[in-house]
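Written out below as structure tokens is the structure these notes cover.
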Amino acid sequence: MKTGGKQAYFATARISDIIEDPSKADHFYALIEDFLQFDHAVPFKEADHYYERGLRKEDGSTNKGAFGRAVRNIPDEEYDLILAAGFAHVLGGRDRERPAPDPAEEARLGFGDNPQMPYEVDSIDRGIVAQVLQRPFRDRAFSVAIKAAYQDTCGVTGLKLINGGGRSEVQAAHIRPVADRGPDSVRNGLALSGTVHWMFDRGLISVDDDYTLLIASGGVPDTVTRLINPERRLLVPTRAEERPHSQFLQYHREKVFKG
């Protein structure tokens, strides 16, 4: 909190291995896979409720000893409730809030345009863990995270279109494709309009490390290049930790871009 951080859960991931730190004795690195950011941060404490019972003393105060541990074991049911709360919009139980004056994005039950149903956290079971590992769920969660980071605005054209249901027309694009081991991290994503997304996936446009837009010579007609914002630079999120990582941009330039 002293450095501006939040006391909240913000993502989930799976530990694939633990390796020793070669520079520090008795230190280790946890290698993670299946990282997925929540559609909104979940506070450790909401009113008098703690998602982790171990963080609460019998008198209702915070167990600072438990809170101070960087690694904590929690029961499966508590982990499932954190997932359910963090992915409430993806699961169809919570509208996605936007900064004014944009309207909230109405929640959808599952992944279709179904009417919103009451959200009951008590009904969550271990099936949510299986969902988090499935591609349709991950695509939906990745899309929500990217749209929120870019405020529903195409990073190339600067266009922002929101329909009557509060859903934006911008699409979430992986910089390093999932098929080539690209993670579902905001830093491996861009918010792009449909036409620009198609061009990006086919290597007709790319992005330099300084966010300058690169255009494949002879591959893009003038009528399309007119869509690009006048500065010819990618419009990136305000928060540095949500901007594209140079590692993924380099991969796209070397493996996908036809320039």
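Following the order of the structure tokens, chains are lettered A, B, ..., residues in each are numbered from 1, and ligands are numbered from 1.
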
Fewer than 2 positions away in the same chain doesn't count, so skip those; otherwise give me all residues within 10 Å of Ala148 (chain A), counting only C-alpha atoms, as a short mmCIF file (atom, residue, chain, number, x, y, z; two decimals) with N, CA and C atoms, in the first residue's frame.
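Result file is part_1.cif:
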```cif
data_model
loop_
_atom_site.label_atom_id
_atom_site.label_comp_id
_atom_site.auth_asym_id
_atom_site.auth_seq_id
_atom_site.Cartn_x
_atom_site.Cartn_y
_atom_site.Cartn_z
N ASP A 39 -11.28 -9.99 -14.51
CA ASP A 39 -11.94 -8.87 -15.18
C ASP A 39 -12.07 -7.67 -14.26
N HIS A 40 -11.87 -7.87 -12.95
CA HIS A 40 -11.74 -6.75 -12.01
C HIS A 40 -11.04 -7.28 -10.77
N ARG A 96 -19.64 -4.80 -16.66
CA ARG A 96 -18.29 -4.22 -16.63
C ARG A 96 -18.40 -2.70 -16.59
N GLU A 97 -17.86 -2.12 -15.54
CA GLU A 97 -17.93 -0.67 -15.38
C GLU A 97 -16.92 0.01 -16.28
N ARG A 98 -17.30 1.18 -16.78
CA ARG A 98 -16.40 2.00 -17.58
C ARG A 98 -16.36 3.41 -16.99
N PRO A 99 -15.26 4.13 -17.24
CA PRO A 99 -15.22 5.53 -16.81
C PRO A 99 -16.32 6.32 -17.50
N PHE A 142 -9.50 -12.70 -21.67
CA PHE A 142 -8.44 -11.91 -22.30
C PHE A 142 -9.04 -10.70 -23.01
N SER A 143 -10.14 -10.91 -23.71
CA SER A 143 -10.80 -9.83 -24.42
C SER A 143 -11.26 -8.74 -23.47
N VAL A 144 -11.86 -9.14 -22.36
CA VAL A 144 -12.33 -8.16 -21.38
C VAL A 144 -11.17 -7.35 -20.82
N ALA A 145 -10.06 -8.03 -20.49
CA ALA A 145 -8.90 -7.34 -19.92
C ALA A 145 -8.29 -6.35 -20.90
N ILE A 146 -8.19 -6.74 -22.18
CA ILE A 146 -7.62 -5.86 -23.20
C ILE A 146 -8.52 -4.65 -23.43
N TYR A 150 -7.35 -0.70 -22.80
CA TYR A 150 -7.31 0.27 -23.91
C TYR A 150 -8.56 1.14 -23.95
N GLN A 151 -9.40 1.01 -22.94
CA GLN A 151 -10.63 1.80 -22.85
C GLN A 151 -11.46 1.68 -24.12
N ASP A 152 -11.53 0.44 -24.64
CA ASP A 152 -12.38 0.10 -25.79
C ASP A 152 -12.01 0.87 -27.05
N THR A 153 -10.76 1.29 -27.14
CA THR A 153 -10.30 2.10 -28.27
C THR A 153 -9.26 1.34 -29.09
N VAL A 186 -2.19 -9.19 -20.61
CA VAL A 186 -2.48 -7.89 -21.23
C VAL A 186 -1.27 -7.37 -21.99
N ALA A 191 -5.67 -3.85 -28.53
CA ALA A 191 -7.07 -3.61 -28.88
C ALA A 191 -7.09 -3.06 -30.30
N PRO A 237 -2.10 1.91 -23.37
CA PRO A 237 -2.75 2.19 -22.09
C PRO A 237 -1.97 3.20 -21.26
#
```

Where in region 162-228 of chain A does DSSP assign alpha helix (DSSP H), given as a ChimeraX atom specification? /A:194-201,222-225

Rank nothing, just name the residue among A:Arg176, A:Val196, A:Thr223, A:Ala25 nearest to Ser246 (chain A), using only C-alpha atoms.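 Among the listed residues, the smallest separation from Ser246 (chain A) belongs to A:Arg176.
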
Two-atom distance - CA of Glu254 (chain A), CA of Arg181 (chain A) (Å):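 Here the two named atoms are 15.3 Å from each other.
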
Contact residues around region 128-140 of chain A with only C-alpha atoms at 10 Å, ignoring same-chain residues under 5 positions, as a ChimeraX atom specification: /A:12-14,34-37,39,76,79-81,83-84,87,89-91,110-111,145,172-174,178,184

Expected file: the selected residues, N, CA, C and O atoms, as a compact mmCIF listing (two decimals), in the first residue's frame:
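And here's selection-v9.txt as it stands now:
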```txt
# COMPACT_ATOMS: atom_id res chain seq x y z
N THR A 12 -4.90 -15.13 -11.85
CA THR A 12 -4.62 -16.51 -11.44
C THR A 12 -3.63 -17.12 -12.42
O THR A 12 -3.51 -16.67 -13.57
N ALA A 13 -2.88 -18.10 -11.97
CA ALA A 13 -1.91 -18.79 -12.82
C ALA A 13 -1.60 -20.15 -12.20
O ALA A 13 -1.93 -20.41 -11.04
N ARG A 14 -0.97 -20.99 -12.98
CA ARG A 14 -0.61 -22.34 -12.52
C ARG A 14 0.91 -22.45 -12.44
O ARG A 14 1.62 -22.08 -13.39
N ASP A 34 -0.48 -20.56 -17.85
CA ASP A 34 -1.93 -20.33 -17.80
C ASP A 34 -2.28 -19.07 -17.00
O ASP A 34 -3.31 -19.02 -16.31
N PHE A 35 -1.44 -18.05 -17.08
CA PHE A 35 -1.74 -16.78 -16.41
C PHE A 35 -2.98 -16.16 -17.02
O PHE A 35 -3.16 -16.16 -18.24
N LEU A 36 -3.87 -15.64 -16.19
CA LEU A 36 -5.09 -15.01 -16.67
C LEU A 36 -5.52 -13.93 -15.69
O LEU A 36 -5.71 -14.19 -14.50
N GLN A 37 -5.63 -12.72 -16.21
CA GLN A 37 -6.00 -11.59 -15.37
C GLN A 37 -7.51 -11.58 -15.12
O GLN A 37 -8.30 -11.90 -16.00
N ASP A 39 -11.28 -9.99 -14.51
CA ASP A 39 -11.94 -8.87 -15.18
C ASP A 39 -12.07 -7.67 -14.26
O ASP A 39 -12.34 -6.55 -14.70
N ASP A 76 -9.46 -25.10 -1.26
CA ASP A 76 -10.01 -25.04 -2.62
C ASP A 76 -11.25 -24.17 -2.70
O ASP A 76 -11.42 -23.40 -3.65
N TYR A 79 -10.36 -20.52 -2.85
CA TYR A 79 -9.79 -20.19 -4.17
C TYR A 79 -10.89 -20.09 -5.21
O TYR A 79 -10.90 -19.16 -6.04
N ASP A 80 -11.85 -21.01 -5.18
CA ASP A 80 -12.94 -20.98 -6.15
C ASP A 80 -13.78 -19.72 -6.02
O ASP A 80 -14.21 -19.14 -7.03
N LEU A 81 -14.02 -19.26 -4.80
CA LEU A 81 -14.80 -18.05 -4.59
C LEU A 81 -14.05 -16.82 -5.10
O LEU A 81 -14.67 -15.89 -5.63
N LEU A 83 -11.92 -16.88 -7.63
CA LEU A 83 -12.07 -16.96 -9.08
C LEU A 83 -13.44 -16.46 -9.52
O LEU A 83 -13.57 -15.71 -10.49
N ALA A 84 -14.48 -16.91 -8.82
CA ALA A 84 -15.85 -16.52 -9.18
C ALA A 84 -16.03 -15.01 -9.07
O ALA A 84 -16.70 -14.40 -9.92
N PHE A 87 -13.83 -13.22 -11.91
CA PHE A 87 -14.35 -13.40 -13.27
C PHE A 87 -15.86 -13.22 -13.32
O PHE A 87 -16.54 -13.80 -14.16
N HIS A 89 -17.76 -10.83 -14.36
CA HIS A 89 -18.29 -10.33 -15.64
C HIS A 89 -18.23 -11.42 -16.71
O HIS A 89 -19.18 -11.61 -17.46
N VAL A 90 -17.11 -12.12 -16.77
CA VAL A 90 -16.97 -13.19 -17.76
C VAL A 90 -18.02 -14.28 -17.54
O VAL A 90 -18.57 -14.84 -18.50
N LEU A 91 -18.33 -14.55 -16.29
CA LEU A 91 -19.31 -15.58 -15.95
C LEU A 91 -20.75 -15.10 -16.11
O LEU A 91 -21.69 -15.89 -15.97
N GLY A 110 -22.69 -16.95 -19.54
CA GLY A 110 -21.82 -17.80 -20.36
C GLY A 110 -21.13 -16.95 -21.40
O GLY A 110 -20.58 -15.91 -21.11
N PHE A 111 -21.18 -17.38 -22.66
CA PHE A 111 -20.51 -16.64 -23.72
C PHE A 111 -21.47 -16.27 -24.84
O PHE A 111 -21.06 -15.96 -25.94
N ALA A 145 -10.06 -8.03 -20.49
CA ALA A 145 -8.90 -7.34 -19.92
C ALA A 145 -8.29 -6.35 -20.90
O ALA A 145 -7.92 -5.23 -20.53
N ALA A 172 -9.75 -7.97 -29.27
CA ALA A 172 -8.50 -8.23 -28.56
C ALA A 172 -7.62 -9.13 -29.41
O ALA A 172 -8.03 -10.23 -29.80
N ALA A 173 -6.41 -8.66 -29.71
CA ALA A 173 -5.47 -9.42 -30.54
C ALA A 173 -4.26 -9.83 -29.73
O ALA A 173 -3.69 -9.02 -28.98
N HIS A 174 -3.87 -11.10 -29.84
CA HIS A 174 -2.60 -11.54 -29.25
C HIS A 174 -1.46 -11.07 -30.13
O HIS A 174 -1.51 -11.21 -31.35
N VAL A 178 -1.36 -17.47 -29.54
CA VAL A 178 -1.49 -18.56 -28.58
C VAL A 178 -0.90 -19.85 -29.15
O VAL A 178 -0.28 -20.63 -28.43
N ASP A 184 -1.87 -15.32 -22.30
CA ASP A 184 -3.08 -14.50 -22.26
C ASP A 184 -2.87 -13.34 -21.29
O ASP A 184 -3.68 -13.07 -20.41
```

Near-region 48-55 of chain A list (7 Å; only C-alpha atoms; drop same-chain fewer than 6 positions) as a ChimeraX atom specification: /A:62-63,66-67,74,78,82

Figure out the distance between CA of Pro177 (chain A) and CA of Leu159 (chain A), please, to one decimal in Å. 23.7 Å

Return the single residue from A:Gln250, A:Ala30, A:Val71, A:Ala107 that is closest to Ala88 (chain A), with distances computed using only C-alpha atoms. A:Ala107

May I ask for the distance between CA of Ser168 (chain A) and CA of Arg94 (chain A), given in Å to one decimal place?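 Going from CA of Ser168 (chain A) over to CA of Arg94 (chain A), I get 16.5 Å.
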
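Distance annotation: of A:Leu31, A:Arg108, A:Arg232, A:Ala141, the residue with the minimal separation from Asp208 (chain A) is A:Arg232; atom set is only C-alpha atoms.
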
Write out as a VMD selection string each polymer residue whose atoms come within 12 Å of Lys255 (chain A), counting only C-alpha atoms; drop sequence neighbours fewer than 4 positions from it. chain A and resid 175 to 177 180 201 to 203 206 248 to 251 259

With DSSP run on the backbone, what are the strand (DSSP E) residues within region 42-115 of chain A? I'd like them as a list in words. Val42, Pro43, Lys45, Glu46, His49 and Tyr50 of chain A

Keeping only C-alpha atoms, write those residues as a PDB file, in the first residue's frame.
```pdb
ATOM      1  CA  VAL A  42     -11.004  -8.561  -5.847  1.00  0.00           C
ATOM      2  CA  PRO A  43     -10.194  -6.866  -2.512  1.00  0.00           C
ATOM      3  CA  LYS A  45     -11.513  -7.771   2.457  1.00  0.00           C
ATOM      4  CA  GLU A  46     -15.013  -6.557   1.582  1.00  0.00           C
ATOM      5  CA  HIS A  49     -15.822 -10.597   4.765  1.00  0.00           C
ATOM      6  CA  TYR A  50     -12.376 -12.057   4.047  1.00  0.00           C
TER       7      TYR A  50
END
```

Measuring atom to atom with only C-alpha atoms, identify which of A:Asn188, A:Gly166, A:Gly65, A:Val156 is nearest to Pro101 (chain A). A:Gly166
